[in-house]
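Source file: protein.cif; contents: mmCIF, C-alpha atoms (C1' of nucleotides).
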```cif
data_data
#
loop_
_atom_site.label_atom_id
_atom_site.label_comp_id
_atom_site.auth_asym_id
_atom_site.auth_seq_id
_atom_site.Cartn_x
_atom_site.Cartn_y
_atom_site.Cartn_z
CA MET A 14 0.00 0.00 0.00
CA THR A 15 1.38 3.34 -1.02
CA THR A 16 0.59 6.58 0.75
CA ASP A 17 2.15 8.81 -1.88
CA GLN A 18 -0.11 11.85 -2.00
CA ARG A 19 0.58 12.32 -5.68
CA VAL A 20 -0.69 8.93 -6.72
CA ALA A 21 -3.53 9.29 -4.24
CA ARG A 22 -4.59 12.44 -5.98
CA GLY A 23 -4.30 10.70 -9.33
CA ALA A 24 -6.36 7.82 -8.07
CA ARG A 25 -9.07 10.21 -6.93
CA SER A 26 -9.10 11.85 -10.33
CA ARG A 27 -9.27 8.50 -12.06
CA VAL A 28 -12.22 7.51 -9.93
CA ALA A 29 -14.05 10.75 -10.71
CA ILE A 30 -13.41 10.31 -14.42
CA THR A 31 -14.36 6.67 -14.70
CA ARG A 32 -17.46 7.20 -12.62
CA HIS A 33 -18.68 9.71 -15.13
CA ALA A 34 -17.37 7.62 -18.02
CA VAL A 35 -19.54 4.70 -16.93
CA ASP A 36 -22.65 6.86 -17.14
CA VAL A 37 -21.71 8.18 -20.55
CA ALA A 38 -20.76 4.75 -21.85
CA SER A 39 -24.00 3.17 -20.69
CA VAL A 40 -25.88 5.56 -22.94
CA GLU A 41 -23.56 6.25 -25.85
CA GLY A 42 -21.29 3.25 -25.69
CA LEU A 43 -17.68 2.64 -24.77
CA SER A 44 -16.47 3.20 -28.30
CA GLU A 45 -18.05 6.66 -28.42
CA LEU A 46 -16.43 7.68 -25.19
CA SER A 47 -14.10 10.55 -25.92
CA ILE A 48 -11.39 11.96 -23.77
CA GLY A 49 -12.26 15.51 -24.74
CA ARG A 50 -15.90 15.02 -23.88
CA LEU A 51 -15.08 13.69 -20.43
CA ALA A 52 -12.63 16.52 -19.83
CA THR A 53 -15.22 19.13 -20.75
CA ASP A 54 -17.87 17.51 -18.57
CA LEU A 55 -15.55 17.41 -15.59
CA ALA A 56 -13.95 20.82 -16.19
CA MET A 57 -10.52 19.30 -16.72
CA SER A 58 -8.02 19.61 -19.50
CA LYS A 59 -8.08 17.06 -22.25
CA SER A 60 -4.40 16.32 -21.81
CA GLY A 61 -4.89 15.86 -18.09
CA VAL A 62 -7.42 13.12 -18.67
CA ALA A 63 -5.28 11.58 -21.39
CA THR A 64 -2.22 11.47 -19.13
CA LEU A 65 -4.08 9.66 -16.36
CA PHE A 66 -5.03 6.79 -18.64
CA ARG A 67 -2.21 6.81 -21.19
CA SER A 68 -4.55 5.69 -23.99
CA LYS A 69 -8.19 5.53 -24.86
CA GLU A 70 -8.18 1.77 -24.59
CA GLN A 71 -6.87 1.97 -21.03
CA LEU A 72 -9.62 4.45 -20.27
CA GLN A 73 -12.16 2.01 -21.64
CA LEU A 74 -10.73 -0.81 -19.55
CA ALA A 75 -10.75 1.37 -16.42
CA THR A 76 -14.34 2.32 -17.16
CA ILE A 77 -15.29 -1.33 -17.45
CA GLU A 78 -13.65 -2.04 -14.12
CA THR A 79 -15.58 0.78 -12.47
CA ALA A 80 -18.82 -0.50 -13.95
CA ARG A 81 -17.96 -3.98 -12.70
CA GLN A 82 -17.49 -2.77 -9.16
CA ALA A 83 -20.74 -0.82 -9.24
CA PHE A 84 -22.52 -3.87 -10.59
CA LEU A 85 -21.07 -6.08 -7.89
CA ASP A 86 -22.11 -3.60 -5.21
CA ALA A 87 -25.63 -3.18 -6.53
CA VAL A 88 -26.52 -6.67 -7.68
CA VAL A 89 -24.17 -9.37 -6.48
CA ARG A 90 -23.14 -8.39 -2.98
CA PRO A 91 -26.62 -7.80 -1.58
CA ALA A 92 -27.70 -11.19 -2.88
CA LEU A 93 -24.94 -12.92 -0.96
CA ASP A 94 -27.03 -12.45 2.17
CA ALA A 95 -29.44 -15.05 0.83
CA PRO A 96 -28.55 -18.68 1.52
CA GLN A 97 -26.86 -20.57 -1.29
CA GLY A 98 -29.03 -22.34 -3.80
CA SER A 99 -32.37 -21.33 -5.22
CA ALA A 100 -32.87 -18.54 -2.67
CA ARG A 101 -29.69 -16.86 -3.82
CA VAL A 102 -30.61 -17.35 -7.45
CA ARG A 103 -33.89 -15.58 -6.81
CA ALA A 104 -32.13 -12.82 -4.90
CA LEU A 105 -29.66 -12.29 -7.73
CA ILE A 106 -32.44 -12.08 -10.27
CA GLU A 107 -34.53 -9.72 -8.20
CA ARG A 108 -31.54 -7.49 -7.75
CA TRP A 109 -30.81 -7.62 -11.45
CA ILE A 110 -34.35 -6.63 -12.37
CA ALA A 111 -34.17 -3.72 -9.95
CA TYR A 112 -30.81 -2.80 -11.47
CA ALA A 113 -32.45 -2.54 -14.88
CA GLU A 114 -35.78 -1.14 -13.73
CA GLN A 115 -34.41 1.72 -11.61
CA PRO A 116 -31.30 2.00 -13.69
CA LEU A 117 -28.02 2.07 -11.83
CA PHE A 118 -26.60 3.58 -15.02
CA PRO A 119 -28.58 6.09 -17.07
CA GLY A 120 -28.38 3.91 -20.18
CA GLY A 121 -29.53 0.76 -18.43
CA CYS A 122 -27.40 -2.36 -18.16
CA PHE A 123 -23.81 -1.44 -18.95
CA TRP A 124 -23.01 -4.89 -20.32
CA ALA A 125 -26.09 -5.17 -22.49
CA ALA A 126 -25.21 -1.81 -23.98
CA ASN A 127 -21.57 -2.54 -24.71
CA LEU A 128 -21.03 -6.24 -25.25
CA PRO A 129 -22.89 -6.34 -28.57
CA VAL A 130 -20.70 -3.52 -29.85
CA PHE A 131 -17.48 -5.34 -29.11
CA ASP A 132 -18.47 -8.96 -29.54
CA SER A 133 -17.19 -8.97 -33.12
CA ARG A 134 -14.16 -6.82 -32.36
CA PRO A 135 -11.23 -8.76 -30.88
CA GLY A 136 -9.08 -6.96 -28.35
CA PRO A 137 -8.65 -6.27 -24.65
CA VAL A 138 -11.96 -4.43 -24.37
CA ARG A 139 -13.91 -7.33 -25.77
CA ASP A 140 -11.99 -9.69 -23.52
CA ALA A 141 -12.80 -7.67 -20.42
CA LEU A 142 -16.48 -7.49 -21.30
CA GLN A 143 -16.54 -11.20 -22.02
CA ARG A 144 -14.87 -11.99 -18.70
CA GLN A 145 -17.55 -10.05 -16.87
CA ARG A 146 -20.27 -11.88 -18.77
CA GLN A 147 -18.69 -15.23 -17.99
CA ALA A 148 -18.31 -14.38 -14.33
CA TRP A 149 -21.98 -13.50 -14.12
CA LEU A 150 -23.04 -16.69 -15.87
CA ASP A 151 -20.72 -18.74 -13.69
CA LEU A 152 -22.14 -17.12 -10.59
CA LEU A 153 -25.66 -18.02 -11.64
CA ALA A 154 -24.69 -21.52 -12.66
CA GLU A 155 -22.87 -22.13 -9.40
CA GLN A 156 -25.93 -21.27 -7.37
CA ILE A 157 -28.18 -23.31 -9.62
CA GLN A 158 -25.83 -26.20 -9.06
CA HIS A 159 -26.10 -25.71 -5.33
CA ALA A 160 -29.87 -25.73 -5.65
CA ALA A 161 -29.80 -28.98 -7.58
CA HIS A 162 -27.53 -30.50 -4.95
CA ALA A 163 -30.00 -29.53 -2.26
CA GLY A 164 -32.83 -31.14 -4.16
CA GLU A 165 -34.37 -27.82 -5.16
CA ALA A 166 -34.48 -28.73 -8.80
CA ILE A 167 -34.64 -25.63 -10.98
CA GLY A 168 -33.00 -26.90 -14.11
CA ARG A 169 -31.23 -30.05 -15.17
CA ASP A 170 -28.23 -28.33 -16.70
CA ALA A 171 -26.91 -25.48 -14.56
CA ASP A 172 -24.98 -23.81 -17.38
CA LEU A 173 -27.95 -24.01 -19.67
CA THR A 174 -30.31 -22.59 -17.09
CA ALA A 175 -27.93 -19.76 -16.35
CA PHE A 176 -27.74 -18.98 -20.04
CA HIS A 177 -31.51 -19.09 -20.20
CA LEU A 178 -32.02 -16.74 -17.28
CA ASP A 179 -29.46 -14.29 -18.58
CA ALA A 180 -31.11 -14.30 -21.99
CA VAL A 181 -34.45 -13.32 -20.53
CA LEU A 182 -32.95 -10.66 -18.28
CA THR A 183 -31.01 -9.10 -21.12
CA ALA A 184 -34.05 -9.05 -23.35
CA ALA A 185 -36.01 -7.39 -20.57
CA ASN A 186 -33.38 -4.69 -20.30
CA THR A 187 -33.71 -3.97 -24.00
CA ALA A 188 -37.49 -3.86 -23.76
CA MET A 189 -37.31 -1.45 -20.85
CA ARG A 190 -34.89 0.73 -22.79
CA LEU A 191 -37.37 0.85 -25.61
CA GLY A 192 -40.03 2.00 -23.21
CA GLU A 193 -42.20 -1.11 -23.38
CA PRO A 194 -44.32 -0.71 -20.28
CA ASP A 195 -44.96 -4.42 -19.67
CA ALA A 196 -41.31 -5.45 -19.84
CA ALA A 197 -40.95 -5.88 -16.09
CA ASP A 198 -44.15 -7.87 -16.04
CA LYS A 199 -42.96 -10.16 -18.79
CA VAL A 200 -39.60 -10.90 -17.26
CA ARG A 201 -41.14 -11.66 -13.89
CA ARG A 202 -43.65 -14.04 -15.36
CA LEU A 203 -40.99 -15.82 -17.39
CA ILE A 204 -38.61 -16.09 -14.47
CA ASP A 205 -41.38 -17.52 -12.33
CA GLU A 206 -41.97 -20.16 -14.98
CA LEU A 207 -38.30 -21.01 -15.18
CA LEU A 208 -37.67 -21.39 -11.45
CA MET B 13 -42.60 3.69 -61.89
CA THR B 14 -39.89 5.85 -63.40
CA THR B 15 -37.57 4.69 -66.13
CA ASP B 16 -35.21 7.65 -65.88
CA GLN B 17 -31.79 6.17 -66.44
CA ARG B 18 -30.22 8.75 -64.17
CA VAL B 19 -32.26 7.84 -61.14
CA ALA B 20 -31.85 4.19 -62.07
CA ARG B 21 -28.12 4.65 -61.93
CA GLY B 22 -28.45 6.42 -58.60
CA ALA B 23 -30.59 3.61 -57.30
CA ARG B 24 -27.97 1.09 -58.34
CA SER B 25 -25.30 3.08 -56.57
CA ARG B 26 -27.43 3.36 -53.46
CA VAL B 27 -27.91 -0.38 -53.47
CA ALA B 28 -24.21 -1.01 -53.82
CA ILE B 29 -23.44 1.39 -51.01
CA THR B 30 -26.05 0.16 -48.55
CA ARG B 31 -25.18 -3.43 -49.26
CA HIS B 32 -21.66 -2.77 -48.14
CA ALA B 33 -22.87 -0.50 -45.35
CA VAL B 34 -24.89 -3.34 -43.88
CA ASP B 35 -21.80 -5.50 -43.65
CA VAL B 36 -19.78 -2.75 -42.04
CA ALA B 37 -22.57 -1.83 -39.64
CA SER B 38 -23.08 -5.40 -38.52
CA VAL B 39 -19.49 -5.46 -37.29
CA GLU B 40 -18.73 -1.89 -36.28
CA GLY B 41 -22.20 -0.54 -35.73
CA LEU B 42 -24.46 1.93 -37.48
CA SER B 43 -23.13 4.85 -35.50
CA GLU B 44 -19.57 4.15 -36.57
CA LEU B 45 -20.53 4.01 -40.21
CA SER B 46 -18.75 6.80 -41.99
CA ILE B 47 -19.37 8.21 -45.40
CA GLY B 48 -15.67 8.50 -46.12
CA ARG B 49 -15.02 4.91 -45.16
CA LEU B 50 -17.73 3.62 -47.46
CA ALA B 51 -16.49 5.81 -50.30
CA THR B 52 -12.95 4.50 -49.94
CA ASP B 53 -14.10 0.88 -49.79
CA LEU B 54 -16.19 1.29 -52.92
CA ALA B 55 -13.70 3.46 -54.81
CA MET B 56 -16.10 6.38 -54.92
CA SER B 57 -15.75 9.97 -53.88
CA LYS B 58 -16.86 10.94 -50.44
CA SER B 59 -19.06 13.70 -51.78
CA GLY B 60 -20.65 11.31 -54.24
CA VAL B 61 -21.77 9.05 -51.44
CA ALA B 62 -22.89 11.99 -49.37
CA THR B 63 -24.97 13.40 -52.21
CA LEU B 64 -26.80 10.13 -52.75
CA PHE B 65 -28.07 10.07 -49.16
CA ARG B 66 -28.21 13.77 -48.28
CA SER B 67 -27.23 13.09 -44.65
CA LYS B 68 -25.65 10.45 -42.49
CA GLU B 69 -28.93 9.72 -40.79
CA GLN B 70 -30.57 9.02 -44.13
CA LEU B 71 -27.70 6.70 -44.93
CA GLN B 72 -28.27 4.88 -41.67
CA LEU B 73 -31.97 4.56 -42.38
CA ALA B 74 -31.29 3.27 -45.89
CA THR B 75 -28.81 0.79 -44.44
CA ILE B 76 -31.44 -0.44 -42.01
CA GLU B 77 -33.89 -0.89 -44.84
CA THR B 78 -31.37 -2.91 -46.84
CA ALA B 79 -30.67 -5.09 -43.82
CA ARG B 80 -34.39 -5.54 -43.31
CA GLN B 81 -34.87 -6.77 -46.86
CA ALA B 82 -31.93 -9.17 -46.58
CA PHE B 83 -33.33 -10.47 -43.30
CA LEU B 84 -36.76 -10.98 -44.81
CA ASP B 85 -35.26 -12.84 -47.75
CA ALA B 86 -33.06 -15.07 -45.63
CA VAL B 87 -35.24 -15.77 -42.62
CA VAL B 88 -38.86 -14.84 -43.04
CA ARG B 89 -39.73 -15.60 -46.65
CA PRO B 90 -38.40 -19.17 -46.74
CA ALA B 91 -40.38 -19.95 -43.57
CA LEU B 92 -43.61 -18.89 -45.22
CA ASP B 93 -43.56 -22.19 -47.10
CA ALA B 94 -44.36 -23.95 -43.85
CA PRO B 95 -48.00 -24.13 -42.85
CA GLN B 96 -49.22 -21.56 -40.37
CA GLY B 97 -48.94 -22.36 -36.70
CA SER B 98 -46.27 -24.31 -34.86
CA ALA B 99 -44.66 -25.59 -38.05
CA ARG B 100 -44.05 -22.04 -39.23
CA VAL B 101 -42.76 -21.04 -35.82
CA ARG B 102 -40.26 -23.85 -36.00
CA ALA B 103 -39.29 -22.90 -39.53
CA LEU B 104 -38.76 -19.28 -38.54
CA ILE B 105 -36.56 -20.30 -35.64
CA GLU B 106 -34.55 -22.75 -37.68
CA ARG B 107 -33.96 -20.10 -40.28
CA TRP B 108 -32.99 -17.61 -37.63
CA ILE B 109 -30.46 -19.96 -36.10
CA ALA B 110 -28.96 -20.59 -39.51
CA TYR B 111 -28.91 -16.83 -40.07
CA ALA B 112 -26.79 -16.43 -36.95
CA GLU B 113 -24.77 -19.59 -37.32
CA GLN B 114 -23.65 -19.08 -40.91
CA PRO B 115 -23.85 -15.34 -40.62
CA LEU B 116 -25.75 -13.52 -43.32
CA PHE B 117 -23.82 -10.45 -42.15
CA PRO B 118 -20.19 -10.66 -41.09
CA GLY B 119 -20.95 -9.24 -37.66
CA GLY B 120 -23.82 -11.62 -36.98
CA CYS B 121 -27.35 -10.45 -36.40
CA PHE B 122 -27.68 -6.88 -37.60
CA TRP B 123 -30.38 -6.04 -35.07
CA ALA B 124 -28.65 -7.57 -32.10
CA ALA B 125 -25.59 -5.52 -32.98
CA ASN B 126 -27.34 -2.19 -33.42
CA LEU B 127 -30.46 -2.05 -31.30
CA PRO B 128 -28.58 -1.91 -27.98
CA VAL B 129 -26.58 1.04 -29.27
CA PHE B 130 -29.65 3.09 -30.12
CA ASP B 131 -32.15 1.89 -27.55
CA SER B 132 -31.31 4.81 -25.26
CA ARG B 133 -30.97 7.32 -28.11
CA PRO B 134 -34.28 8.71 -29.35
CA GLY B 135 -34.54 9.50 -33.03
CA PRO B 136 -35.49 8.08 -36.41
CA VAL B 137 -32.76 5.44 -36.32
CA ARG B 138 -33.93 4.06 -33.01
CA ASP B 139 -37.51 4.13 -34.27
CA ALA B 140 -36.64 2.19 -37.40
CA LEU B 141 -34.75 -0.44 -35.43
CA GLN B 142 -37.58 -0.71 -32.95
CA ARG B 143 -40.13 -1.11 -35.74
CA GLN B 144 -38.15 -4.01 -37.13
CA ARG B 145 -37.92 -5.63 -33.71
CA GLN B 146 -41.65 -5.24 -33.20
CA ALA B 147 -42.43 -6.66 -36.62
CA TRP B 148 -40.35 -9.71 -35.84
CA LEU B 149 -41.98 -10.22 -32.46
CA ASP B 150 -45.42 -9.72 -33.98
CA LEU B 151 -44.66 -12.25 -36.67
CA LEU B 152 -43.67 -14.82 -34.08
CA ALA B 153 -46.63 -14.04 -31.85
CA GLU B 154 -49.05 -14.26 -34.74
CA GLN B 155 -47.90 -17.75 -35.62
CA ILE B 156 -47.92 -18.83 -32.00
CA GLN B 157 -51.49 -17.59 -31.84
CA HIS B 158 -52.34 -19.67 -34.87
CA ALA B 159 -50.79 -22.67 -33.21
CA ALA B 160 -52.85 -22.13 -30.08
CA HIS B 161 -55.97 -21.83 -32.19
CA ALA B 162 -55.22 -25.13 -33.84
CA GLY B 163 -54.77 -26.79 -30.47
CA GLU B 164 -50.99 -27.06 -30.86
CA ALA B 165 -50.37 -25.42 -27.51
CA ILE B 166 -46.89 -23.94 -27.35
CA GLY B 167 -47.45 -21.15 -24.90
CA ARG B 168 -50.40 -19.61 -23.16
CA ASP B 169 -49.53 -16.03 -23.94
CA ALA B 170 -48.42 -15.57 -27.55
CA ASP B 171 -46.70 -12.23 -26.94
CA LEU B 172 -44.87 -13.57 -23.95
CA THR B 173 -43.73 -16.68 -25.78
CA ALA B 174 -42.52 -14.60 -28.71
CA PHE B 175 -40.57 -12.41 -26.31
CA HIS B 176 -39.14 -15.53 -24.72
CA LEU B 177 -38.05 -17.09 -27.99
CA ASP B 178 -36.48 -13.87 -29.20
CA ALA B 179 -34.58 -13.51 -25.93
CA VAL B 180 -33.03 -16.95 -26.32
CA LEU B 181 -32.19 -16.40 -29.98
CA THR B 182 -30.57 -13.05 -29.32
CA ALA B 183 -28.51 -14.46 -26.47
CA ALA B 184 -27.41 -17.27 -28.75
CA ASN B 185 -26.24 -14.77 -31.33
CA THR B 186 -24.12 -13.03 -28.69
CA ALA B 187 -22.67 -16.34 -27.53
CA MET B 188 -21.79 -17.29 -31.09
CA ARG B 189 -20.16 -13.91 -31.61
CA LEU B 190 -18.03 -14.54 -28.56
CA GLY B 191 -16.93 -17.83 -30.01
CA GLU B 192 -18.66 -20.06 -27.50
CA PRO B 193 -18.67 -23.38 -29.29
CA ASP B 194 -21.77 -24.83 -27.65
CA ALA B 195 -23.99 -21.82 -28.31
CA ALA B 196 -25.88 -23.51 -31.14
CA ASP B 197 -26.35 -26.56 -28.96
CA LYS B 198 -27.72 -24.50 -26.12
CA VAL B 199 -30.21 -22.55 -28.16
CA ARG B 200 -31.52 -25.72 -29.82
CA ARG B 201 -32.01 -27.45 -26.51
CA LEU B 202 -33.78 -24.45 -25.03
CA ILE B 203 -36.01 -23.98 -28.03
CA ASP B 204 -36.95 -27.63 -27.93
CA GLU B 205 -37.97 -27.20 -24.32
CA LEU B 206 -40.01 -24.15 -25.10
CA LEU B 207 -41.98 -25.58 -28.01
"C1'" DA C 16 -32.68 23.85 -79.36
"C1'" DA C 17 -32.80 25.33 -74.74
"C1'" DA C 18 -33.60 24.60 -70.03
"C1'" DT C 19 -33.90 21.53 -66.27
"C1'" DT C 20 -32.58 17.66 -63.48
"C1'" DA C 21 -29.65 14.04 -61.22
"C1'" DA C 22 -25.27 11.72 -60.50
"C1'" DG C 23 -20.86 12.26 -59.21
"C1'" DC C 24 -16.32 14.57 -58.30
"C1'" DG C 25 -13.05 18.04 -56.21
"C1'" DT C 26 -12.39 21.13 -52.77
"C1'" DA C 27 -12.98 23.29 -48.67
"C1'" DC C 28 -15.22 24.29 -44.13
"C1'" DG C 29 -15.24 23.88 -38.97
"C1'" DA C 30 -15.31 20.43 -35.48
"C1'" DT C 31 -13.59 16.71 -33.02
"C1'" DC C 32 -10.73 12.83 -32.51
"C1'" DG C 33 -6.34 10.43 -29.98
"C1'" DT C 34 -1.80 11.38 -29.09
"C1'" DT C 35 2.51 13.82 -28.14
"C1'" DC C 36 5.17 17.41 -26.83
"C1'" DG C 37 7.14 20.97 -23.32
"C1'" DT C 38 6.26 23.05 -18.96
"C1'" DA C 39 4.89 24.05 -14.17
"C1'" DC C 40 4.08 22.60 -9.60
"C1'" DG C 41 4.04 19.75 -5.81
"C1'" DT C 42 5.70 15.43 -3.55
"C1'" DA C 43 9.03 11.78 -2.66
"C1'" DT C 44 13.56 9.99 -2.78
"C1'" DT C 45 18.49 10.22 -2.28
"C1'" DA D 21 20.09 20.39 -1.50
"C1'" DA D 22 19.63 17.97 -5.59
"C1'" DT D 23 17.22 14.74 -8.29
"C1'" DA D 24 13.39 12.05 -9.80
"C1'" DC D 25 8.48 11.29 -10.19
"C1'" DG D 26 3.36 12.13 -10.94
"C1'" DT D 27 -0.37 15.28 -11.81
"C1'" DA D 28 -2.10 18.62 -14.66
"C1'" DC D 29 -1.96 22.02 -18.14
"C1'" DG D 30 -1.72 24.53 -22.86
"C1'" DA D 31 -0.62 23.92 -27.41
"C1'" DA D 32 -0.09 21.63 -31.44
"C1'" DC D 33 0.07 17.35 -34.52
"C1'" DG D 34 -2.22 14.75 -38.38
"C1'" DA D 35 -6.38 12.35 -39.22
"C1'" DT D 36 -11.13 11.91 -39.87
"C1'" DC D 37 -15.67 13.37 -39.35
"C1'" DG D 38 -20.33 15.43 -41.63
"C1'" DT D 39 -21.71 18.90 -44.56
"C1'" DA D 40 -21.82 22.45 -48.26
"C1'" DC D 41 -20.68 24.68 -52.64
"C1'" DG D 42 -19.43 24.76 -57.45
"C1'" DC D 43 -18.68 22.17 -61.32
"C1'" DT D 44 -18.98 18.68 -65.29
"C1'" DT D 45 -21.48 15.18 -67.67
"C1'" DA D 46 -25.35 12.94 -69.27
"C1'" DA D 47 -30.35 12.17 -69.49
"C1'" DT D 48 -34.87 14.20 -69.52
"C1'" DT D 49 -38.21 17.73 -70.19
"C1'" DT D 50 -40.05 21.85 -72.22
#
```
Please re-express this file's structure in structure tokens.
Amino acid sequence: MTTDQRVARGARSRVAITRHAVDVASVEGLSELSIGRLATDLAMSKSGVATLFRSKEQLQLATIETARQAFLDAVVRPALDAPQGSARVRALIERWIAYAEQPLFPGGCFWAANLPVFDSRPGPVRDALQRQRQAWLDLLAEQIQHAAHAGEAIGRDADLTAFHLDAVLTAANTAMRLGEPDAADKVRRLIDELL
Amino acid sequence: MTTDQRVARGARSRVAITRHAVDVASVEGLSELSIGRLATDLAMSKSGVATLFRSKEQLQLATIETARQAFLDAVVRPALDAPQGSARVRALIERWIAYAEQPLFPGGCFWAANLPVFDSRPGPVRDALQRQRQAWLDLLAEQIQHAAHAGEAIGRDADLTAFHLDAVLTAANTAMRLGEPDAADKVRRLIDELL
DNA sequence: AAATTAAGCGTACGATCGTTCGTACGTATT
DNA sequence: AATACGTACGAACGATCGTACGCTTAATTT
């Protein structure tokens, strides 16, 4: 642990920048993020922002990491209070629906907004987004597996069920983005069927 | 119907441009489409391309229309050979999976790639993409309704089932894009469960 | 035959992009 | 006290963006 006040100040600036960058990227996308735009929004100099991240790609990766932490805080961590197995699966899903319904990010789900943009574009950004997706699917599958072990059968194949749940949640996010009023209804009914 | 050779030539050029634009947009997105890039790729002048579409937004809308036609030709029209009801639902889905598996567009599903980018961005482009999504969902729901009418029960609520199917298909497209080898397997197993 | 229309090109415009300099100022290290 | 390091800035770089204007060429209309 370093206590260097210079790097501490830099770290604070990086946090402020990526926090705002997450909001921008959830609406306009990671690839449309611009250093100049962030600098203007935060009343900083363009070169100041550029120096702190060395390159746009590093800024994108830092933004992804900030979004990941916010997602963990809002969706995953609270659900860890629920006991393993089907209860935790339900808690995770409820949290996820709330995360999309009262959007944590102004553009809705950060991953739903950005993964489709990069899924055909190899590189570190795509890799980071894919890792996050896989971690989420693994988390779901792990808890489904626990449920199966405890006799609370909610799906024969844990991976497949996780994929299934994620598909429905992601589609619900899109529907909400498009202003379909019954999107929350639909996802809840489908999830109830699935579990 | 006009037979003016000048406008016919323009129409041909527009077709050539939007055909390429669809490919580019399926990989890099509609918002990253650039007039200069298309002109270079097609050995035309930038101003020539610009003149034919008057504005970038018009180019985007024309690109969407071209993608829509290609989608109809590849997915919808062939499935109309199947009798109405569950058979046509299955045909539509099979065609859709093929459309994603041996991609009609190099970036995979055009809609899956572009809708998330515009779903938080009001405007004509978002509206056009949303219309296409709704038409696809309506098409599915209509056939599911027919199936229900004929006693081939595949879902109590046609709209909800259409939403459900589309969610799984879209997720499969993303998984394929990310190179997950068992994505086609997964979607087929899930669809079989659902129908 | 003259005027109009559309495609298409060349050029230029202002704006924004990511990146790279040199510099200034404060902190940490030696 | 001298040196090195990190933040932050202003300025400038070449590139690309969308758009607009003027022009030529060819087809159509009057």
Length of the CA of Arg138 (chain B) to CA of Trp123 (chain B) vector [Å]: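 Value for the CA of Arg138 (chain B)-CA of Trp123 (chain B) distance: 10.9 Å.
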Quick one: apply the PyMOL selection byres ((chain C and resi 28) around 12) to the file and drop the selected residues here as a PDB file with C-alpha atoms (C1' of nucleotides), in the frame of the given file.
```
ATOM      1  C1'  DT C  26     -12.390  21.130 -52.770  1.00  0.00           C
ATOM      2  C1'  DA C  27     -12.980  23.290 -48.670  1.00  0.00           C
ATOM      3  C1'  DG C  29     -15.240  23.880 -38.970  1.00  0.00           C
ATOM      4  C1'  DA C  30     -15.310  20.430 -35.480  1.00  0.00           C
TER       5       DA C  30
ATOM      6  C1'  DC D  37     -15.670  13.370 -39.350  1.00  0.00           C
ATOM      7  C1'  DG D  38     -20.330  15.430 -41.630  1.00  0.00           C
ATOM      8  C1'  DT D  39     -21.710  18.900 -44.560  1.00  0.00           C
ATOM      9  C1'  DA D  40     -21.820  22.450 -48.260  1.00  0.00           C
ATOM     10  C1'  DC D  41     -20.680  24.680 -52.640  1.00  0.00           C
TER      11       DC D  41
END
```
Within 10 Å of Gly164 (chain A), counting all atoms listed in the file, which residues show up once you throw out same-chain ones fewer than 4 positions away? Write them as a PDB file with C-alpha atoms, keeping the file's coordinate frame, please.
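The resulting file, result.pdb, is shown below:
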```
ATOM      1  CA  GLY A  98     -29.030 -22.340  -3.800  1.00  0.00           C
ATOM      2  CA  SER A  99     -32.370 -21.330  -5.220  1.00  0.00           C
ATOM      3  CA  GLN A 158     -25.830 -26.200  -9.060  1.00  0.00           C
ATOM      4  CA  HIS A 159     -26.100 -25.710  -5.330  1.00  0.00           C
ATOM      5  CA  ALA A 160     -29.870 -25.730  -5.650  1.00  0.00           C
TER       6      ALA A 160
END
```
Residues of chain A within 8 Å of chain C, counting all atoms listed in the file - could you list those as a PyMOL selection string? chain A and resi 17-19+47+68-69
Grab the CA of Met56 (chain B) to CA of Ala20 (chain B) distance for me, in Å with one decimal place.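 Straight-line distance from CA of Met56 (chain B) to CA of Ala20 (chain B) works out to 17.4 Å.
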Report as a list in words the set of chain A residues whose atoms approach chain D to within 9 Å, with distances computed over only C-alpha atoms (C1' of nucleotides). Arg19, Val20, Arg22, Gly23, Met57, Ser58, Lys59, Ser60, Gly61, Val62, Thr64 and Leu65 of chain A
So the first atom is CA of Ala99 (chain B) and the second is CA of Gln155 (chain B); what is the distance between them in Å, to one decimal place?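 Distance between the two atoms: 8.8 Å.
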Give me the result of the PyMOL selection byres ((chain B and resi 34) around 10) on this file, residue by residue, as a list in words.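 Given this file, the PyMOL selection byres ((chain B and resi 34) around 10) evaluates to Ile29, Thr30, Arg31, His32, Ala33, Asp35, Val36, Ala37, Ser38, Val39, Glu40, Gly41, Leu42, Leu45, Gln72, Ala74, Thr75, Ile76, Glu77, Thr78, Ala79, Arg80, Ala82, Phe117, Pro118, Gly119 and Phe122 of chain B.
Counting only C-alpha atoms, the residue from A:Gln145, A:Gln97, A:Gln115, A:Thr174 that sits nearest to chain B is A:Thr174.
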Contacts from chain A to chain B, 6 Å maximum, all atoms listed in the file: show me the residue list as number ranges by chain. A: 40, 120, 126, 129, 132-133, 180-181, 184, 190-191
Polymer residues at most 7 Å from region 105-110 of chain A, only C-alpha atoms (C1' of nucleotides), same-chain spacing of 3 or more positions, as a list in words: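 These residues fall inside the cut-off: Val88, Val89, Ala92, Arg101, Val102, Ala113 and Glu114 of chain A.
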